[in-house]
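> Data file start_30.cif (mmCIF, C-alpha atoms (C1' of nucleotides)) is appended below.
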data_entry
#
loop_
_atom_site.label_atom_id
_atom_site.label_comp_id
_atom_site.auth_asym_id
_atom_site.auth_seq_id
_atom_site.Cartn_x
_atom_site.Cartn_y
_atom_site.Cartn_z
CA MET A 1 139.40 298.66 -44.70
CA SER A 2 136.33 299.73 -46.59
CA THR A 3 133.84 297.47 -48.35
CA ASP A 4 133.08 300.29 -50.78
CA PRO A 5 134.78 299.36 -54.08
CA ILE A 6 135.03 303.02 -55.12
CA SER A 7 137.49 303.70 -52.30
CA TYR A 8 140.04 301.38 -53.94
CA LEU A 9 140.11 303.34 -57.21
CA PRO A 10 141.90 304.21 -59.36
CA LEU A 11 143.79 300.96 -59.88
CA THR A 12 147.23 301.05 -61.43
CA GLU A 13 147.63 299.29 -64.75
CA PRO A 14 149.46 296.25 -63.28
CA THR A 15 146.84 295.88 -60.53
CA PHE A 16 143.98 296.13 -62.99
CA TYR A 17 145.42 293.40 -65.18
CA ILE A 18 146.22 291.11 -62.26
CA LEU A 19 142.63 291.28 -61.05
CA LEU A 20 141.32 290.86 -64.60
CA SER A 21 143.53 287.83 -65.06
CA LEU A 22 141.83 286.22 -62.06
CA ALA A 23 138.30 287.06 -63.23
CA PRO A 24 137.76 283.76 -65.08
CA GLY A 25 139.12 281.69 -62.17
CA LYS A 26 142.03 280.87 -59.87
CA LYS A 27 145.64 281.16 -61.04
CA HIS A 28 149.13 281.04 -59.55
CA GLY A 29 151.53 283.98 -59.76
CA TYR A 30 153.57 282.95 -62.74
CA ALA A 31 150.44 282.05 -64.72
CA ILE A 32 149.07 285.53 -63.99
CA MET A 33 152.28 287.04 -65.38
CA LYS A 34 152.00 285.16 -68.66
CA ASP A 35 148.27 285.75 -68.93
CA VAL A 36 148.62 289.51 -68.44
CA ARG A 37 151.23 289.65 -71.16
CA GLU A 38 148.92 287.94 -73.64
CA LEU A 39 145.76 289.67 -72.42
CA SER A 40 147.31 293.08 -72.94
CA GLY A 41 148.53 292.26 -76.44
CA GLU A 42 152.18 291.93 -75.34
CA ARG A 43 152.02 295.47 -74.00
CA VAL A 44 152.24 294.85 -70.25
CA HIS A 45 155.25 292.83 -69.14
CA LEU A 46 154.99 292.45 -65.36
CA SER A 47 158.33 292.08 -63.63
CA THR A 48 158.36 289.55 -60.83
CA SER A 49 158.87 292.37 -58.33
CA THR A 50 155.76 294.17 -59.54
CA LEU A 51 153.79 290.94 -59.59
CA TYR A 52 154.63 289.62 -56.14
CA THR A 53 154.50 292.93 -54.30
CA ALA A 54 151.12 293.57 -55.92
CA ILE A 55 149.90 290.12 -54.87
CA GLY A 56 150.98 290.85 -51.30
CA ARG A 57 149.13 294.15 -51.33
CA LEU A 58 145.98 292.67 -52.85
CA LEU A 59 145.97 289.95 -50.20
CA ASP A 60 146.25 292.59 -47.45
CA GLN A 61 143.37 294.53 -49.00
CA GLU A 62 141.37 291.30 -49.37
CA LEU A 63 140.77 291.87 -53.07
CA ILE A 64 142.23 288.41 -53.68
CA GLU A 65 142.64 285.37 -51.44
CA ARG A 66 145.12 282.55 -51.24
CA LEU A 67 143.64 279.11 -51.94
CA SER A 68 145.01 276.72 -49.36
CA ASP A 69 146.99 273.93 -50.88
CA GLU A 70 145.57 272.92 -54.12
CA LYS A 71 147.51 269.60 -54.19
CA GLN A 72 148.58 270.28 -57.72
CA ASP A 73 150.24 268.60 -60.65
CA ALA A 74 153.73 269.72 -59.64
CA GLY A 75 155.62 270.85 -62.73
CA PRO A 76 159.04 272.47 -62.70
CA GLY A 77 159.79 275.34 -60.34
CA LEU A 78 158.98 276.16 -56.75
CA PRO A 79 155.58 275.04 -55.39
CA ARG A 80 152.72 276.99 -56.92
CA LYS A 81 150.50 279.27 -54.86
CA PHE A 82 146.99 279.78 -56.16
CA TYR A 83 144.93 282.94 -55.81
CA ALA A 84 141.34 283.90 -56.58
CA LEU A 85 139.26 287.08 -56.62
CA THR A 86 137.20 287.81 -53.53
CA ASP A 87 133.70 289.25 -53.89
CA LEU A 88 135.15 292.62 -53.01
CA GLY A 89 137.88 292.16 -55.61
CA ARG A 90 135.34 291.45 -58.30
CA ARG A 91 133.30 294.50 -57.35
CA VAL A 92 136.42 296.67 -57.43
CA LEU A 93 137.25 295.37 -60.89
CA GLU A 94 133.74 296.16 -62.09
CA ALA A 95 133.85 299.64 -60.54
CA GLU A 96 137.21 300.30 -62.17
CA THR A 97 135.86 299.25 -65.56
CA ILE A 98 132.99 301.73 -65.17
CA ARG A 99 135.48 304.45 -64.20
CA LEU A 100 137.55 303.72 -67.31
CA GLU A 101 134.46 303.80 -69.51
CA GLY A 102 133.63 307.25 -68.17
CA MET A 103 137.13 308.50 -68.98
CA VAL A 104 136.94 307.10 -72.52
CA ARG A 105 133.52 308.64 -73.06
CA GLU A 106 134.69 312.11 -71.97
CA ALA A 107 137.87 311.82 -74.01
CA ARG A 108 135.99 310.84 -77.15
CA LEU A 109 133.69 313.83 -76.73
CA ARG A 110 136.52 316.33 -76.26
CA LEU A 111 138.79 314.88 -78.90
CA ARG A 112 136.03 315.02 -81.48
CA GLU A 113 135.13 318.68 -80.76
CA ASP A 114 138.29 319.79 -82.45
CA GLY A 115 138.98 317.83 -85.62
CA VAL A 116 140.83 314.68 -84.55
CA MET B 117 162.81 312.66 -74.77
CA SER B 118 160.91 310.52 -77.22
CA THR B 119 158.42 311.72 -79.83
CA ASP B 120 156.66 308.35 -79.62
CA PRO B 121 153.43 308.95 -77.66
CA ILE B 122 153.32 305.32 -76.51
CA SER B 123 156.46 305.84 -74.42
CA TYR B 124 154.58 308.31 -72.18
CA LEU B 125 151.89 305.79 -71.21
CA PRO B 126 150.19 304.93 -68.97
CA LEU B 127 149.12 308.35 -67.76
CA THR B 128 147.96 308.74 -64.18
CA GLU B 129 144.39 309.83 -63.65
CA PRO B 130 145.29 313.45 -62.73
CA THR B 131 147.59 313.77 -65.74
CA PHE B 132 144.99 312.35 -68.09
CA TYR B 133 142.37 314.84 -66.92
CA ILE B 134 144.75 317.79 -67.06
CA LEU B 135 145.59 317.05 -70.68
CA LEU B 136 141.94 316.41 -71.51
CA SER B 137 141.01 319.71 -69.92
CA LEU B 138 143.35 321.46 -72.36
CA ALA B 139 142.05 319.61 -75.43
CA PRO B 140 139.43 322.26 -76.35
CA GLY B 141 141.89 325.13 -75.89
CA LYS B 142 144.21 327.06 -73.59
CA LYS B 143 143.52 327.35 -69.86
CA HIS B 144 145.28 328.58 -66.73
CA GLY B 145 146.00 326.31 -63.76
CA TYR B 146 143.07 327.16 -61.55
CA ALA B 147 140.65 326.86 -64.48
CA ILE B 148 142.05 323.38 -65.19
CA MET B 149 141.37 322.43 -61.58
CA LYS B 150 137.73 323.46 -61.74
CA ASP B 151 137.23 321.98 -65.19
CA VAL B 152 138.63 318.59 -64.15
CA ARG B 153 136.30 318.50 -61.17
CA GLU B 154 133.27 319.08 -63.37
CA LEU B 155 134.53 316.96 -66.28
CA SER B 156 135.00 313.96 -63.99
CA GLY B 157 131.56 314.31 -62.45
CA GLU B 158 132.90 315.71 -59.16
CA ARG B 159 135.01 312.58 -58.80
CA VAL B 160 138.52 313.98 -59.28
CA HIS B 161 139.44 316.83 -56.96
CA LEU B 162 142.96 317.92 -57.86
CA SER B 163 144.90 319.37 -54.96
CA THR B 164 147.01 322.38 -55.86
CA SER B 165 150.13 320.34 -55.17
CA THR B 166 149.08 317.65 -57.63
CA LEU B 167 148.05 320.26 -60.18
CA TYR B 168 151.16 322.45 -60.17
CA THR B 169 153.71 319.65 -59.90
CA ALA B 170 151.95 317.92 -62.80
CA ILE B 171 152.03 321.14 -64.84
CA GLY B 172 155.77 321.45 -64.19
CA ARG B 173 156.33 317.88 -65.28
CA LEU B 174 154.19 318.23 -68.41
CA LEU B 175 156.12 321.36 -69.39
CA ASP B 176 159.41 319.46 -68.98
CA GLN B 177 158.08 316.63 -71.11
CA GLU B 178 156.77 319.15 -73.65
CA LEU B 179 153.27 317.71 -73.58
CA ILE B 180 152.01 321.23 -72.78
CA GLU B 181 153.51 324.67 -73.35
CA ARG B 182 153.28 327.98 -71.54
CA LEU B 183 151.64 330.74 -73.57
CA SER B 184 153.70 333.87 -73.12
CA ASP B 185 151.78 336.68 -71.53
CA GLU B 186 148.27 336.67 -72.62
CA LYS B 187 147.64 340.21 -71.38
CA GLN B 188 144.48 339.09 -69.69
CA ASP B 189 141.39 340.43 -68.03
CA ALA B 190 142.98 340.40 -64.56
CA GLY B 191 140.44 339.15 -62.05
CA PRO B 192 141.17 338.41 -58.41
CA GLY B 193 144.21 336.34 -57.44
CA LEU B 194 147.78 336.11 -58.62
CA PRO B 195 148.48 336.68 -62.33
CA ARG B 196 147.20 333.84 -64.48
CA LYS B 197 149.52 331.59 -66.47
CA PHE B 198 148.03 330.00 -69.56
CA TYR B 199 148.90 326.59 -70.96
CA ALA B 200 148.05 324.69 -74.13
CA LEU B 201 148.55 321.18 -75.47
CA THR B 202 151.49 320.63 -77.79
CA ASP B 203 151.13 318.37 -80.81
CA LEU B 204 152.92 315.68 -78.85
CA GLY B 205 150.56 316.22 -75.91
CA ARG B 206 147.55 315.73 -78.11
CA ARG B 207 148.99 312.57 -79.61
CA VAL B 208 149.74 311.23 -76.12
CA LEU B 209 146.16 311.94 -75.08
CA GLU B 210 144.85 310.10 -78.11
CA ALA B 211 147.17 307.15 -77.53
CA GLU B 212 146.08 306.97 -73.89
CA THR B 213 142.44 306.94 -74.91
CA ILE B 214 143.11 304.02 -77.21
CA ARG B 215 144.93 302.21 -74.41
CA LEU B 216 141.95 302.74 -72.08
CA GLU B 217 139.55 301.48 -74.72
CA GLY B 218 141.57 298.29 -75.01
CA MET B 219 141.41 297.76 -71.25
CA VAL B 220 137.67 298.31 -71.19
CA ARG B 221 137.15 295.93 -74.10
CA GLU B 222 139.14 293.15 -72.42
CA ALA B 223 137.42 293.76 -69.10
CA ARG B 224 133.95 293.60 -70.65
CA LEU B 225 134.85 290.30 -72.31
CA ARG B 226 136.16 288.69 -69.12
CA LEU B 227 133.49 290.06 -66.84
CA ARG B 228 130.76 288.73 -69.09
CA GLU B 229 132.24 285.22 -69.34
CA ASP B 230 131.19 284.53 -65.79
CA GLY B 231 127.76 285.90 -65.01
CA VAL B 232 128.19 289.55 -64.05
"C1'" DG C 233 176.29 263.88 -66.54
"C1'" DT C 234 175.85 268.61 -67.34
"C1'" DA C 235 174.52 272.82 -68.97
"C1'" DC C 236 170.61 275.39 -70.51
"C1'" DT C 237 165.83 276.91 -70.54
"C1'" DA C 238 161.31 277.49 -68.72
"C1'" DT C 239 158.95 277.40 -64.64
"C1'" DA C 240 158.17 279.44 -60.00
"C1'" DT C 241 158.94 282.02 -55.91
"C1'" DA C 242 160.70 286.39 -53.49
"C1'" DT C 243 163.44 290.78 -51.74
"C1'" DC C 244 166.03 295.25 -52.19
"C1'" DA C 245 167.14 299.87 -53.69
"C1'" DT C 246 165.67 303.54 -56.40
"C1'" DG C 247 162.71 306.69 -58.75
"C1'" DT C 248 158.27 308.88 -59.72
"C1'" DA C 249 153.93 310.76 -58.68
"C1'" DA C 250 149.84 311.82 -55.62
"C1'" DC C 251 148.36 314.18 -51.79
"C1'" DG C 252 147.42 316.73 -47.40
"C1'" DA C 253 149.25 320.64 -45.16
"C1'" DC C 254 151.01 324.88 -45.46
"C1'" DA C 255 152.17 329.51 -47.51
"C1'" DT C 256 151.29 333.79 -50.18
"C1'" DA C 257 148.66 337.21 -52.83
"C1'" DT C 258 144.47 339.78 -55.00
"C1'" DC C 259 139.92 341.44 -55.40
"C1'" DA C 260 134.90 341.78 -54.27
"C1'" DA C 261 131.15 341.52 -51.34
"C1'" DA C 262 129.08 341.32 -46.83
"C1'" DT D 263 137.22 344.53 -42.04
"C1'" DT D 264 136.88 340.10 -42.51
"C1'" DT D 265 135.42 336.42 -45.23
"C1'" DG D 266 135.41 333.83 -49.58
"C1'" DA D 267 136.66 332.95 -54.29
"C1'" DT D 268 140.42 333.29 -57.19
"C1'" DA D 269 145.28 332.15 -58.19
"C1'" DT D 270 149.98 330.56 -57.57
"C1'" DG D 271 153.39 327.60 -55.29
"C1'" DT D 272 156.52 324.26 -51.87
"C1'" DC D 273 157.36 320.46 -48.41
"C1'" DG D 274 157.16 315.96 -46.29
"C1'" DT D 275 155.13 311.56 -46.56
"C1'" DT D 276 153.31 307.60 -48.70
"C1'" DA D 277 152.35 304.28 -52.41
"C1'" DC D 278 153.66 301.85 -56.20
"C1'" DA D 279 156.49 300.29 -60.32
"C1'" DT D 280 160.62 298.54 -61.73
"C1'" DG D 281 165.38 296.66 -62.67
"C1'" DA D 282 168.59 293.88 -60.37
"C1'" DT D 283 169.42 290.14 -57.73
"C1'" DA D 284 168.60 285.60 -55.45
"C1'" DT D 285 166.89 280.81 -54.95
"C1'" DA D 286 164.86 276.40 -56.44
"C1'" DT D 287 162.91 272.61 -59.67
"C1'" DA D 288 162.14 269.81 -63.73
"C1'" DG D 289 162.76 268.69 -68.50
"C1'" DT D 290 165.64 268.85 -72.67
"C1'" DA D 291 169.57 269.09 -75.55
"C1'" DC D 292 174.35 268.02 -76.02
#
Could the structure of this file be written out as C-alpha cells, please?


Amino acid sequence: MSTDPISYLPLTEPTFYILLSLAPGKKHGYAIMKDVRELSGERVHLSTSTLYTAIGRLLDQELIERLSDEKQDAGPGLPRKFYALTDLGRRVLEAETIRLEGMVREARLRLREDGV
Amino acid sequence: MSTDPISYLPLTEPTFYILLSLAPGKKHGYAIMKDVRELSGERVHLSTSTLYTAIGRLLDQELIERLSDEKQDAGPGLPRKFYALTDLGRRVLEAETIRLEGMVREARLRLREDGV
DNA sequence: GTACTATATATCATGTAACGACATATCAAA
DNA sequence: TTTGATATGTCGTTACATGATATATAGTAC
C-alpha cells in the first residue's frame, strides 16, 4: 500500500464524493449518502451497496478511518458508525481534484478549437 | 439507446480521452493512443486492449463512427481505420466536461473550508 | 396498538470496463 | 536479418457499481 496519492487515481465518481463528503469533518454512512446527494445537485444517488462496499474498500486502503465509539445521540436506526478522512485520504482527494482540473483544462481547449 | 448525453455519464478516464482526442478531427486507433498519452501529459497510457475494446463500445453506442475507407497514405503496419465523433459523441463530451467542472467547483469549496 | 416512514446497517448476484499478456502483420533502418 | 515503430486485435482476471434483498430502531399518524 503506497503513500503516494497519485497511485490511487483515478477515483470513481462515488468514491470521489464519499471522500469529499468527509472533507469538512466526520460523518456516519447514512449521513454521507444524503450529503452526496445534495452536494452533487441531486445527481448522484448512492445505493447502500455502493456506499458500504466503498466504505469497506476505503478503510482497507486507509483513505478513511473508523472513529471508535462516538457515544452518540442515538436516533432511530441501527447504531451509527463514524468515519473521517486520513491524511492520505485528504491528499488523494486533493490529487484527484488536480487531475480533474487538468482534464477540464484540456477539454476546454479542444472544444473551443472547433466552434462549440 | 438514448439521445440524451447525460445518460452516458460518467465517462471513464480512457473513454473521456479517446473522445477528446477525436474532437479536433478524425484519427485512427494508434494515433488516438499516442495523442492521449501526450494530451494527458504522459499520464494516461492506453493499452491496446483498453483502446480497441473502448472503440468497439463507442461504435455500438454511436458516440463515434467509422469512416469508410479513407484511401490513405499507407505507412507501416496493418491498414488504418479512421474514426470520428458523432454529434451525439460531441454532446456527450461537452456534458462530461460540465460534470467535471461541477466536481472541481465543489471540491475547491470544501477543500478551502478547512485550511488546505 | 399498529402500520408506516425515515433512519441506519449490510450482503449477494450480475454486469461493465480496465488492463496486462499475448498474437499477428507491415515497413524501414541498422 | 533482425530490431523497432507502426497498426490491429483477443483473452482472462480484477475492480467496482448497482439493483435487489435483508435486518433493525425510533417517531408519527391513524

> Could you list, as a PyMOL selection string, every residue of chain A that has an atom within 10 Å of an atom of chain C, counting all atoms listed in the file?

chain A and resi 28-31+48-49+52-53+75-81

> Quick one: residues within 9 Å of Arg110 (chain A), all atoms listed in the file counted, chain neighbours fewer than 6 positions away excluded, as a list in words?

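Contacts, in chain order: Leu136, Ser137, Ala139 and Pro140 of chain B.
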
> Go ahead and write the residues just picked, C-alpha atoms, as a PDB file, keeping the file's coordinate frame.


ATOM      1  CA  LEU B 136     141.940 316.410 -71.510  1.00  0.00           C
ATOM      2  CA  SER B 137     141.010 319.710 -69.920  1.00  0.00           C
ATOM      3  CA  ALA B 139     142.050 319.610 -75.430  1.00  0.00           C
ATOM      4  CA  PRO B 140     139.430 322.260 -76.350  1.00  0.00           C
TER       5      PRO B 140
END

> Show me a table, sorted first by chain and then by increasing residue number, of the residues of chain D having an atom at most 8 Å from chain A, each with its shortest atom pair and the distance in Å to one decimal, counting all atoms listed in the file and written as JSON lines.


{"residue": "D:DA279", "atom": "C1'", "partner": "A:Thr50", "partner_atom": "CA", "distance": 6.2}
{"residue": "D:DT280", "atom": "C1'", "partner": "A:Thr50", "partner_atom": "CA", "distance": 6.9}
{"residue": "D:DA286", "atom": "C1'", "partner": "A:Leu78", "partner_atom": "CA", "distance": 5.9}
{"residue": "D:DT287", "atom": "C1'", "partner": "A:Gly77", "partner_atom": "CA", "distance": 4.2}
{"residue": "D:DA288", "atom": "C1'", "partner": "A:Pro76", "partner_atom": "CA", "distance": 4.2}
{"residue": "D:DG289", "atom": "C1'", "partner": "A:Pro76", "partner_atom": "CA", "distance": 7.9}

> Pull out every residue of chain A sitting within 8 Å of chain B, counting only C-alpha atoms, and send them as a PyMOL selection string.

chain A and resi 10+13+20+23-24+39-40+94+97+100-101+103-104+106-108+110-111+113-114

> What does the distance from CA of Gln61 (chain A) to CA of Asp35 (chain A) come to in Å, to one decimal?

22.3 Å

> Counting all atoms listed in the file, which residues have an atom no more than 8 Å from (136.8, 290.8, -48.4) in the file's coordinates? Please list them as a ChimeraX atom specification.

/A:3,61-64,86-89

> If you measure from CA of Leu9 (chain A) to C1' of DC273 (chain D), what distance in Å do you get, rounded to one decimal?

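These atoms are spaced 25.8 Å apart.
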
> By how many Å are CA of Leu201 (chain B) and CA of Leu183 (chain B) apart?

10.2 Å

> Might you pull out every residue within 8 Å of Lys27 (chain A), with all atoms listed in the file counted and same-chain residues fewer than 5 positions away left off, and present them as an MDAnalysis selection string?

chainID A and resid 22 32 82:84

> For region 241-260 of chain C, what centre and edge lengths in Å (one decimal) does the axis-aligned box get once 4 Å is added on each side of all its listed atoms, as JSON?


{"center_x": 151.0, "center_y": 311.9, "center_z": -52.4, "size_x": 40.2, "size_y": 67.8, "size_z": 22.6}

> Generate the missing atoms of region 180-206 of chain B up to N, CA and C atoms and report them as a PDB file, in the frame of the given file.


ATOM      1  N   ILE B 180     152.712 319.939 -72.772  1.00  0.00           N
ATOM      2  CA  ILE B 180     152.010 321.230 -72.780  1.00  0.00           C
ATOM      3  C   ILE B 180     153.050 322.329 -72.913  1.00  0.00           C
ATOM      4  N   GLU B 181     152.603 323.529 -73.265  1.00  0.00           N
ATOM      5  CA  GLU B 181     153.510 324.670 -73.350  1.00  0.00           C
ATOM      6  C   GLU B 181     152.866 325.876 -72.673  1.00  0.00           C
ATOM      7  N   ARG B 182     153.718 326.732 -72.153  1.00  0.00           N
ATOM      8  CA  ARG B 182     153.280 327.980 -71.540  1.00  0.00           C
ATOM      9  C   ARG B 182     153.067 329.011 -72.633  1.00  0.00           C
ATOM     10  N   LEU B 183     151.897 329.669 -72.620  1.00  0.00           N
ATOM     11  CA  LEU B 183     151.640 330.740 -73.570  1.00  0.00           C
ATOM     12  C   LEU B 183     152.161 332.027 -72.974  1.00  0.00           C
ATOM     13  N   SER B 184     153.048 332.710 -73.703  1.00  0.00           N
ATOM     14  CA  SER B 184     153.700 333.870 -73.120  1.00  0.00           C
ATOM     15  C   SER B 184     152.751 335.062 -73.098  1.00  0.00           C
ATOM     16  N   ASP B 185     152.462 335.444 -71.872  1.00  0.00           N
ATOM     17  CA  ASP B 185     151.780 336.680 -71.530  1.00  0.00           C
ATOM     18  C   ASP B 185     150.595 337.082 -72.401  1.00  0.00           C
ATOM     19  N   GLU B 186     149.622 336.249 -72.317  1.00  0.00           N
ATOM     20  CA  GLU B 186     148.270 336.670 -72.620  1.00  0.00           C
ATOM     21  C   GLU B 186     147.938 337.828 -71.695  1.00  0.00           C
ATOM     22  N   LYS B 187     147.966 339.044 -72.234  1.00  0.00           N
ATOM     23  CA  LYS B 187     147.640 340.210 -71.380  1.00  0.00           C
ATOM     24  C   LYS B 187     146.131 340.174 -71.092  1.00  0.00           C
ATOM     25  N   GLN B 188     145.817 339.589 -69.945  1.00  0.00           N
ATOM     26  CA  GLN B 188     144.480 339.090 -69.690  1.00  0.00           C
ATOM     27  C   GLN B 188     143.692 339.989 -68.785  1.00  0.00           C
ATOM     28  N   ASP B 189     142.373 340.005 -68.998  1.00  0.00           N
ATOM     29  CA  ASP B 189     141.390 340.430 -68.030  1.00  0.00           C
ATOM     30  C   ASP B 189     141.779 339.985 -66.624  1.00  0.00           C
ATOM     31  N   ALA B 190     142.572 340.800 -65.906  1.00  0.00           N
ATOM     32  CA  ALA B 190     142.980 340.400 -64.560  1.00  0.00           C
ATOM     33  C   ALA B 190     141.785 340.414 -63.625  1.00  0.00           C
ATOM     34  N   GLY B 191     141.468 339.243 -63.086  1.00  0.00           N
ATOM     35  CA  GLY B 191     140.440 339.150 -62.050  1.00  0.00           C
ATOM     36  C   GLY B 191     141.149 339.135 -60.717  1.00  0.00           C
ATOM     37  N   PRO B 192     140.523 338.557 -59.711  1.00  0.00           N
ATOM     38  CA  PRO B 192     141.170 338.410 -58.410  1.00  0.00           C
ATOM     39  C   PRO B 192     142.265 337.361 -58.493  1.00  0.00           C
ATOM     40  N   GLY B 193     143.181 337.378 -57.529  1.00  0.00           N
ATOM     41  CA  GLY B 193     144.210 336.340 -57.440  1.00  0.00           C
ATOM     42  C   GLY B 193     145.486 336.728 -58.147  1.00  0.00           C
ATOM     43  N   LEU B 194     146.485 335.896 -57.987  1.00  0.00           N
ATOM     44  CA  LEU B 194     147.780 336.110 -58.620  1.00  0.00           C
ATOM     45  C   LEU B 194     147.628 336.063 -60.132  1.00  0.00           C
ATOM     46  N   PRO B 195     148.591 336.645 -60.872  1.00  0.00           N
ATOM     47  CA  PRO B 195     148.480 336.680 -62.330  1.00  0.00           C
ATOM     48  C   PRO B 195     148.357 335.281 -62.921  1.00  0.00           C
ATOM     49  N   ARG B 196     147.440 335.143 -63.854  1.00  0.00           N
ATOM     50  CA  ARG B 196     147.200 333.840 -64.480  1.00  0.00           C
ATOM     51  C   ARG B 196     148.331 333.451 -65.420  1.00  0.00           C
ATOM     52  N   LYS B 197     148.573 332.125 -65.482  1.00  0.00           N
ATOM     53  CA  LYS B 197     149.520 331.590 -66.470  1.00  0.00           C
ATOM     54  C   LYS B 197     148.755 330.602 -67.345  1.00  0.00           C
ATOM     55  N   PHE B 198     148.810 330.831 -68.642  1.00  0.00           N
ATOM     56  CA  PHE B 198     148.030 330.000 -69.560  1.00  0.00           C
ATOM     57  C   PHE B 198     148.879 328.911 -70.191  1.00  0.00           C
ATOM     58  N   TYR B 199     148.240 327.763 -70.373  1.00  0.00           N
ATOM     59  CA  TYR B 199     148.900 326.590 -70.960  1.00  0.00           C
ATOM     60  C   TYR B 199     148.064 326.036 -72.091  1.00  0.00           C
ATOM     61  N   ALA B 200     148.746 325.344 -73.015  1.00  0.00           N
ATOM     62  CA  ALA B 200     148.050 324.690 -74.130  1.00  0.00           C
ATOM     63  C   ALA B 200     148.725 323.362 -74.435  1.00  0.00           C
ATOM     64  N   LEU B 201     147.975 322.443 -75.022  1.00  0.00           N
ATOM     65  CA  LEU B 201     148.550 321.180 -75.470  1.00  0.00           C
ATOM     66  C   LEU B 201     149.536 321.418 -76.600  1.00  0.00           C
ATOM     67  N   THR B 202     150.626 320.687 -76.613  1.00  0.00           N
ATOM     68  CA  THR B 202     151.490 320.630 -77.790  1.00  0.00           C
ATOM     69  C   THR B 202     150.959 319.533 -78.715  1.00  0.00           C
ATOM     70  N   ASP B 203     151.512 319.456 -79.906  1.00  0.00           N
ATOM     71  CA  ASP B 203     151.130 318.370 -80.810  1.00  0.00           C
ATOM     72  C   ASP B 203     151.392 317.016 -80.153  1.00  0.00           C
ATOM     73  N   LEU B 204     152.577 316.924 -79.541  1.00  0.00           N
ATOM     74  CA  LEU B 204     152.920 315.680 -78.850  1.00  0.00           C
ATOM     75  C   LEU B 204     151.910 315.375 -77.751  1.00  0.00           C
ATOM     76  N   GLY B 205     151.534 316.394 -76.988  1.00  0.00           N
ATOM     77  CA  GLY B 205     150.560 316.220 -75.910  1.00  0.00           C
ATOM     78  C   GLY B 205     149.240 315.675 -76.426  1.00  0.00           C
ATOM     79  N   ARG B 206     148.802 316.205 -77.531  1.00  0.00           N
ATOM     80  CA  ARG B 206     147.550 315.730 -78.110  1.00  0.00           C
ATOM     81  C   ARG B 206     147.663 314.286 -78.563  1.00  0.00           C
TER      82      ARG B 206
END
